[in-house]
Structure formats: C-alpha cells, structure tokens
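Data block for upload_21.cif (mmCIF, C-alpha atoms):
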```cif
data_target
loop_
_atom_site.label_atom_id
_atom_site.label_comp_id
_atom_site.auth_asym_id
_atom_site.auth_seq_id
_atom_site.Cartn_x
_atom_site.Cartn_y
_atom_site.Cartn_z
CA MET N 1 24.67 -5.20 5.41
CA LEU N 2 27.43 -3.06 3.92
CA LYS N 3 26.39 0.44 2.95
CA ALA N 4 27.85 2.82 0.41
CA ASP N 5 30.00 5.59 1.86
CA LEU N 6 28.59 8.56 -0.03
CA SER N 7 31.29 10.79 1.40
CA LEU N 8 33.53 9.32 -1.30
CA THR N 9 31.45 10.91 -4.06
CA THR N 10 32.10 14.28 -5.62
CA PRO N 11 28.92 16.38 -5.75
CA ASN N 12 29.18 19.18 -8.27
CA SER N 13 26.59 21.92 -8.36
CA THR N 14 28.59 24.27 -10.55
CA SER N 15 26.35 25.91 -13.12
CA GLY N 16 26.41 23.97 -16.36
CA ASN N 17 27.81 20.78 -14.83
CA PRO N 18 25.67 17.86 -13.61
CA GLU N 19 25.26 17.53 -9.86
CA ILE N 20 26.63 14.06 -9.12
CA LEU N 21 25.32 12.50 -5.91
CA TYR N 22 27.03 9.12 -6.24
CA GLU N 23 29.44 7.54 -8.73
CA ASP N 24 31.46 4.34 -9.08
CA ASN N 25 32.64 2.22 -12.01
CA HIS N 26 29.10 1.01 -12.71
CA LEU N 27 26.62 3.68 -11.63
CA LEU N 28 26.15 7.42 -11.94
CA ILE N 29 23.45 8.96 -9.76
CA VAL N 30 22.66 12.65 -10.29
CA ASN N 31 20.32 15.34 -9.06
CA LYS N 32 18.20 16.13 -12.12
CA ARG N 33 17.25 19.78 -12.43
CA VAL N 34 13.82 21.13 -13.33
CA GLY N 35 13.53 21.44 -17.12
CA GLU N 36 16.01 18.71 -17.97
CA ILE N 37 14.81 15.65 -19.90
CA VAL N 38 16.31 12.29 -18.98
CA GLN N 39 16.10 10.77 -22.45
CA GLY N 40 15.65 12.22 -25.94
CA ASP N 41 12.09 13.06 -26.99
CA LYS N 42 10.19 14.82 -29.77
CA THR N 43 11.31 18.26 -28.55
CA GLY N 44 14.81 17.58 -29.85
CA ASP N 45 16.32 19.12 -26.71
CA LYS N 46 19.58 17.60 -25.54
CA PRO N 47 18.78 14.98 -22.89
CA LEU N 48 20.57 14.53 -19.58
CA SER N 49 21.91 11.17 -20.79
CA ASP N 50 23.83 12.94 -23.58
CA ILE N 51 24.94 15.76 -21.27
CA LEU N 52 26.38 13.18 -18.88
CA SER N 53 28.05 11.26 -21.70
CA ASP N 54 29.82 14.39 -22.92
CA TYR N 55 30.70 15.47 -19.38
CA ILE N 56 32.24 12.12 -18.40
CA ALA N 57 34.15 11.84 -21.68
CA GLN N 58 35.65 15.29 -21.20
CA ARG N 59 36.31 14.92 -17.46
CA ASP N 60 38.00 11.55 -17.84
CA SER N 61 39.67 12.32 -21.18
CA LYS N 62 37.86 9.45 -22.90
CA PRO N 63 38.02 9.20 -26.69
CA GLY N 64 34.60 9.50 -28.31
CA ARG N 65 31.52 9.35 -26.12
CA ALA N 66 31.16 7.74 -22.72
CA TYR N 67 28.49 5.06 -22.35
CA ILE N 68 25.48 6.17 -20.32
CA GLY N 69 22.51 3.87 -19.77
CA VAL N 70 19.06 5.15 -18.76
CA THR N 71 17.38 3.06 -16.03
CA HIS N 72 14.27 5.18 -15.31
CA ARG N 73 12.85 8.62 -16.04
CA LEU N 74 11.58 11.68 -14.21
CA ASP N 75 9.12 14.08 -15.80
CA ARG N 76 10.65 17.26 -17.19
CA PRO N 77 9.20 19.56 -14.47
CA VAL N 78 10.35 17.24 -11.67
CA SER N 79 13.78 17.32 -9.99
CA GLY N 80 15.77 14.90 -7.89
CA VAL N 81 17.59 11.57 -7.74
CA THR N 82 18.06 9.85 -11.10
CA ILE N 83 20.09 6.70 -11.76
CA PHE N 84 22.21 6.14 -14.86
CA THR N 85 24.67 3.34 -15.58
CA LYS N 86 28.19 3.46 -17.00
CA THR N 87 28.14 -0.04 -18.50
CA SER N 88 25.60 -2.09 -20.43
CA LYS N 89 25.94 -4.92 -17.91
CA ALA N 90 24.99 -2.60 -15.06
CA LEU N 91 22.02 -1.37 -17.10
CA GLU N 92 20.70 -4.91 -17.53
CA ARG N 93 21.03 -5.59 -13.81
CA MET N 94 19.43 -2.28 -12.78
CA ASN N 95 16.54 -2.88 -15.20
CA GLU N 96 15.95 -6.22 -13.50
CA LEU N 97 16.05 -4.56 -10.07
CA PHE N 98 13.38 -2.08 -11.15
CA ARG N 99 11.25 -4.86 -12.66
CA SER N 100 11.46 -6.99 -9.52
CA GLY N 101 10.68 -4.13 -7.13
CA GLY N 102 14.17 -4.01 -5.71
CA VAL N 103 14.42 -0.23 -5.87
CA SER N 104 12.77 1.89 -3.15
CA LYS N 105 11.81 5.37 -4.36
CA LYS N 106 10.53 8.14 -2.12
CA TYR N 107 9.37 11.57 -3.25
CA TRP N 108 8.57 14.81 -1.50
CA ALA N 109 5.63 16.82 -2.80
CA ILE N 110 4.39 20.25 -1.81
CA ILE N 111 0.62 20.26 -2.20
CA ALA N 112 -2.14 22.83 -1.79
CA GLY N 113 -4.04 22.27 1.44
CA ALA N 114 -3.71 18.92 3.22
CA PRO N 115 -5.03 15.37 2.69
CA ALA N 116 -8.11 14.24 4.62
CA ASP N 117 -6.04 11.45 6.19
CA GLU N 118 -2.47 12.07 7.32
CA SER N 119 -1.29 8.80 5.78
CA GLY N 120 -2.64 6.10 3.53
CA GLU N 121 -2.33 4.01 0.39
CA LEU N 122 -3.88 5.16 -2.87
CA ILE N 123 -5.05 2.64 -5.47
CA HIS N 124 -6.32 3.88 -8.82
CA TYR N 125 -6.44 2.74 -12.42
CA LEU N 126 -4.60 5.18 -14.64
CA LYS N 127 -5.20 5.65 -18.35
CA LYS N 128 -2.80 7.72 -20.40
CA ASN N 129 -4.02 10.17 -23.03
CA GLU N 130 -1.16 10.38 -25.52
CA GLU N 131 -2.52 13.45 -27.31
CA LYS N 132 -2.82 15.51 -24.14
CA ASN N 133 0.21 13.88 -22.44
CA ARG N 134 -1.65 13.36 -19.19
CA SER N 135 -3.21 10.50 -17.27
CA TYR N 136 -6.70 10.08 -15.86
CA ALA N 137 -7.47 8.20 -12.64
CA TYR N 138 -10.38 5.83 -12.10
CA ASN N 139 -11.50 4.04 -8.95
CA TYR N 140 -12.33 0.88 -10.88
CA PRO N 141 -10.66 -1.27 -13.58
CA LYS N 142 -11.09 0.16 -17.06
CA VAL N 143 -10.00 -1.01 -20.51
CA GLY N 144 -6.53 0.38 -21.23
CA ALA N 145 -5.97 1.51 -17.64
CA LYS N 146 -3.18 0.21 -15.40
CA GLU N 147 -3.32 -0.28 -11.65
CA ALA N 148 -1.36 2.40 -9.79
CA ARG N 149 -0.45 2.20 -6.11
CA LEU N 150 1.42 4.55 -3.80
CA LYS N 151 1.74 5.27 -0.10
CA TYR N 152 1.85 8.77 1.34
CA ARG N 153 2.26 10.43 4.72
CA LEU N 154 2.01 14.02 5.84
CA LEU N 155 5.39 15.33 7.00
CA THR N 156 4.45 18.89 7.94
CA LYS N 157 2.09 21.66 6.92
CA GLY N 158 1.81 25.42 6.80
CA GLU N 159 -1.09 27.80 6.31
CA ARG N 160 -1.60 27.14 2.57
CA TYR N 161 0.60 24.19 1.68
CA SER N 162 1.64 20.82 3.06
CA LEU N 163 4.66 18.58 2.54
CA LEU N 164 3.97 14.91 1.74
CA GLU N 165 6.34 11.98 1.49
CA VAL N 166 5.28 9.59 -1.25
CA GLU N 167 6.50 6.02 -1.77
CA LEU N 168 5.88 4.65 -5.24
CA LEU N 169 4.70 1.04 -5.35
CA THR N 170 4.16 1.01 -9.13
CA GLY N 171 5.59 3.15 -11.90
CA ARG N 172 2.93 4.73 -14.13
CA HIS N 173 2.80 7.81 -16.34
CA HIS N 174 2.42 10.95 -14.17
CA GLN N 175 1.38 8.63 -11.34
CA ILE N 176 2.06 10.83 -8.30
CA ARG N 177 0.75 13.94 -10.00
CA CYS N 178 -2.45 12.26 -11.15
CA GLN N 179 -3.23 10.27 -8.01
CA LEU N 180 -2.66 13.17 -5.62
CA ALA N 181 -4.79 15.45 -7.78
CA GLU N 182 -7.55 12.84 -7.73
CA ILE N 183 -7.82 13.12 -3.92
CA GLY N 184 -7.73 16.93 -4.04
CA CYS N 185 -4.02 17.32 -3.27
CA VAL N 186 -2.74 19.12 -6.36
CA ILE N 187 1.02 19.58 -6.47
CA LYS N 188 2.11 23.22 -6.35
CA GLY N 189 2.79 24.55 -9.85
CA ASP N 190 1.26 21.58 -11.69
CA LEU N 191 -1.02 23.34 -14.17
CA LYS N 192 -1.72 20.11 -16.05
CA TYR N 193 -3.42 18.60 -13.00
CA GLY N 194 -5.24 21.62 -11.65
CA ALA N 195 -2.82 24.04 -10.00
CA PRO N 196 -4.01 27.66 -10.42
CA ARG N 197 -0.56 29.03 -11.30
CA SER N 198 2.86 27.80 -12.34
CA ASN N 199 6.09 27.96 -10.36
CA ARG N 200 8.60 30.62 -11.34
CA ASP N 201 11.03 28.07 -12.79
CA GLY N 202 8.32 26.36 -14.82
CA GLY N 203 8.63 23.19 -12.76
CA ILE N 204 6.35 21.58 -10.21
CA SER N 205 7.01 21.08 -6.49
CA LEU N 206 7.77 17.37 -6.75
CA LEU N 207 11.20 16.08 -5.75
CA ALA N 208 12.59 12.57 -6.18
CA ARG N 209 14.00 12.76 -2.67
CA ASN N 210 15.54 9.35 -1.96
CA ILE N 211 16.41 6.12 -3.72
CA ARG N 212 17.64 2.93 -2.08
CA PHE N 213 18.69 -0.46 -3.48
CA ILE N 214 21.33 -3.17 -3.30
CA HIS N 215 24.12 -2.44 -5.78
CA PRO N 216 23.81 -4.99 -8.61
CA VAL N 217 27.57 -5.61 -8.74
CA SER N 218 29.18 -4.82 -5.36
CA LYS N 219 26.06 -5.90 -3.38
CA ILE N 220 26.38 -3.00 -0.93
CA GLU N 221 23.34 -0.93 -0.01
CA ILE N 222 23.10 2.31 -1.96
CA ASP N 223 21.05 5.01 -0.22
CA VAL N 224 21.08 8.42 -1.94
CA THR N 225 19.13 11.54 -0.98
CA ALA N 226 18.75 14.67 -3.10
CA PRO N 227 18.90 18.12 -1.50
CA VAL N 228 15.72 20.19 -1.56
CA PRO N 229 15.58 22.90 -4.25
CA ASP N 230 17.01 26.29 -3.32
CA GLU N 231 13.61 27.90 -2.94
CA THR N 232 11.95 29.58 0.05
CA LEU N 233 9.02 27.22 0.57
CA TRP N 234 11.17 24.09 0.22
CA LYS N 235 13.66 25.47 2.73
CA PHE N 236 10.84 26.39 5.12
CA PHE N 237 9.46 22.86 5.12
CA GLU N 238 12.91 21.29 5.42
CA GLN N 239 13.70 23.50 8.42
CA SER N 240 10.34 22.70 10.06
CA LEU N 241 11.29 19.00 10.11
CA LYS N 242 14.44 19.61 12.15
#
```

Take the structure in the file and give it back as structure tokens.
Amino acid sequence: MLKADLSLTTPNSTSGNPEILYEDNHLLIVNKRVGEIVQGDKTGDKPLSDILSDYIAQRDSKPGRAYIGVTHRLDRPVSGVTIFTKTSKALERMNELFRSGGVSKKYWAIIAGAPADESGELIHYLKKNEEKNRSYAYNYPKVGAKEARLKYRLLTKGERYSLLEVELLTGRHHQIRCQLAEIGCVIKGDLKYGAPRSNRDGGISLLARNIRFIHPVSKIEIDVTAPVPDETLWKFFEQSLK
C-alpha cells in the first residue's frame, strides 16, 4: 500500500493563517483551532471554509474565490484534524468514504479522573435537544434517539486527569462529549456536559488527533496527525507517552 509522504506538505502555524497539515490538488487537511467554526451557522461568524477559500485564492493568485468543500465538522470548542476538498468531485468521493465507514478517526481527550475499565466500547442511544444544543444518552432505544458507538482506551493518567484515545464508530451530535460524560469521564473544560470550570481559551480538552483513509483519487493511504495544543497539561501527557 502506497502512503502519502506528508513531508511534502507545508504546515503553517503563523498567526492568522490556517495550519495546513496536508494538501494536494484534491484535498486540504488543516489543524482547526479552538473557537473556529467549520461551516457557517446562526452566529454569523466567518467559518473556516471561507477563511480557507480566501487564503487559497490569495496564496495562489486565483481570481474570485477558491472552491472549498466541507466533508465533516468539529464542534467549535474542539481542535484538530479537519478535511476539506478543493474540488466538487473530491467532495462527492469523500462524502461516500465517510458514509461507507472508510475514514478512521481517532481523538485524544483529557478527562477528570479515570474510567472504571482501561479500555472498552460504549454503546448508547443519543437524542439531540436542539434548543439546548446538547445531546442526552440512554442505555436503551428511544424514539428520536440514534445509536452511538465508540471505542476508548486509557493512554496515561496523572493525579487529577487522564488521557484517553477515542475511536469513533458512528458520527453523532456531541457524541464523544456526551458518551464519556455518561460514564463519569467528563472532558476537561466541557461545561455543557458537567465540567466544573472552563478552559482558559474557552475550548474543551478534546483533540481530533488522527485521521486515516485511502485517497479517493490517487488511492494512496493518507494518515495525518495533529499536534497537541500548546498547553501545559497536553504537553505533560504527550511527554509521558514517550
């Protein structure tokens, strides 16, 4: 299996510019920052899709706006790997990959305490409350609720917090946040799901760490990992894994 050489990409962490983790003629994979929205919403804030469109048009001296397709979303307080497309054809193919389960997504989450079991699979039925913009987890099927599944494993732990790796098996609203909270593993800074205080940057300690899939055009394996946030606790856990 051929694999993408990510050394050919041009990461850019300059303030104000998107941090590009991988780019070719079809795809644009970036490290979304806390506070950014992937797609336009009722807040009216400029979404990352528009920021990227303007950035690419200016960088490449393109007339008008550059095409940017949105394949999936991350919640506003979450950071990490996010895939966009540069053509409508690539968007169609990536959408099909997501629908068919051809995209592997792994997250890192800093939680209060530690799970009772060091690894496992969580199965709940999640129901979204539109008014409160949050989901509720049930252990049984319920009208309007969708099955949600994820796998987790404990990577390392400290005195007050632990680091989990989470693999999403389904894609539901606030799935990781809701399911972990349901088993008593509230993500650090996540006030909506029970954290006692917010993080300084207003985000939560959930990182879309890695994404892996077969490129829909070139057919090479794409494997992209986001760096951990530049924050003391994240750096502590990253160092403890070495």

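Nearest to N:Ala137 of all the residues N:Glu121, N:Glu159, N:Glu167, N:Glu182 is N:Glu182, based on only C-alpha atoms.
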
Open item on the list: Report as a list in words all protein, DNA and RNA residues lying within 9 Å of N:Ala181, evaluated on all atoms listed in the file, omitting residues in the same chain fewer than 6 positions from it.
Closed with: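 Answer for this query is Ile187, Tyr193 and Gly194 of chain N.
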
Task: Expansion of the PyMOL selection byres ((chain N and resi 208) around 10) into residues, as a PyMOL selection string - done: chain N and resi 31-32+74+78-82+105-109+165-167+206-207+209-211+225-228

Run through the PyMOL selection byres ((chain N and resi 93-96) around 12) on the given coordinates and return the selected residues as an mmCIF file with C-alpha atoms, in the frame of the given file.
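Dumped to expr18.cif:
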```cif
data_model
loop_
_atom_site.group_PDB
_atom_site.id
_atom_site.type_symbol
_atom_site.label_atom_id
_atom_site.label_comp_id
_atom_site.auth_asym_id
_atom_site.auth_seq_id
_atom_site.Cartn_x
_atom_site.Cartn_y
_atom_site.Cartn_z
ATOM 1 C CA HIS N 26 29.100 1.010 -12.710
ATOM 2 C CA LEU N 27 26.620 3.680 -11.630
ATOM 3 C CA LEU N 28 26.150 7.420 -11.940
ATOM 4 C CA GLY N 69 22.510 3.870 -19.770
ATOM 5 C CA VAL N 70 19.060 5.150 -18.760
ATOM 6 C CA THR N 71 17.380 3.060 -16.030
ATOM 7 C CA HIS N 72 14.270 5.180 -15.310
ATOM 8 C CA ILE N 83 20.090 6.700 -11.760
ATOM 9 C CA PHE N 84 22.210 6.140 -14.860
ATOM 10 C CA THR N 85 24.670 3.340 -15.580
ATOM 11 C CA LYS N 86 28.190 3.460 -17.000
ATOM 12 C CA THR N 87 28.140 -0.040 -18.500
ATOM 13 C CA SER N 88 25.600 -2.090 -20.430
ATOM 14 C CA LYS N 89 25.940 -4.920 -17.910
ATOM 15 C CA ALA N 90 24.990 -2.600 -15.060
ATOM 16 C CA LEU N 91 22.020 -1.370 -17.100
ATOM 17 C CA GLU N 92 20.700 -4.910 -17.530
ATOM 18 C CA LEU N 97 16.050 -4.560 -10.070
ATOM 19 C CA PHE N 98 13.380 -2.080 -11.150
ATOM 20 C CA ARG N 99 11.250 -4.860 -12.660
ATOM 21 C CA SER N 100 11.460 -6.990 -9.520
ATOM 22 C CA GLY N 101 10.680 -4.130 -7.130
ATOM 23 C CA GLY N 102 14.170 -4.010 -5.710
ATOM 24 C CA VAL N 103 14.420 -0.230 -5.870
ATOM 25 C CA PHE N 213 18.690 -0.460 -3.480
ATOM 26 C CA ILE N 214 21.330 -3.170 -3.300
ATOM 27 C CA HIS N 215 24.120 -2.440 -5.780
ATOM 28 C CA PRO N 216 23.810 -4.990 -8.610
ATOM 29 C CA VAL N 217 27.570 -5.610 -8.740
ATOM 30 C CA SER N 218 29.180 -4.820 -5.360
ATOM 31 C CA LYS N 219 26.060 -5.900 -3.380
#
```

Task: Straight-line distance linking atom CA of N:Leu122 with atom CA of N:Arg149, stated in Å to one decimal - done: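 Result for atom CA of N:Leu122 versus atom CA of N:Arg149: 5.6 Å, one decimal.
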
TODO: To verify the selection step, state as a list in words which residues the PyMOL selection byres ((chain N and resi 201) around 10) yields on this input.
DONE: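 On the file shown, the PyMOL selection byres ((chain N and resi 201) around 10) covers Val34, Gly35, Pro77, Gly189, Ser198, Asn199, Arg200, Gly202, Gly203 and Ile204 of chain N.
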
TODO: For atom CA of N:Ser53 and atom CA of N:Asn133, determine how far apart the two atoms are, in Å to one decimal place.
DONE: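 Interatomic distance here is 28.0 Å.
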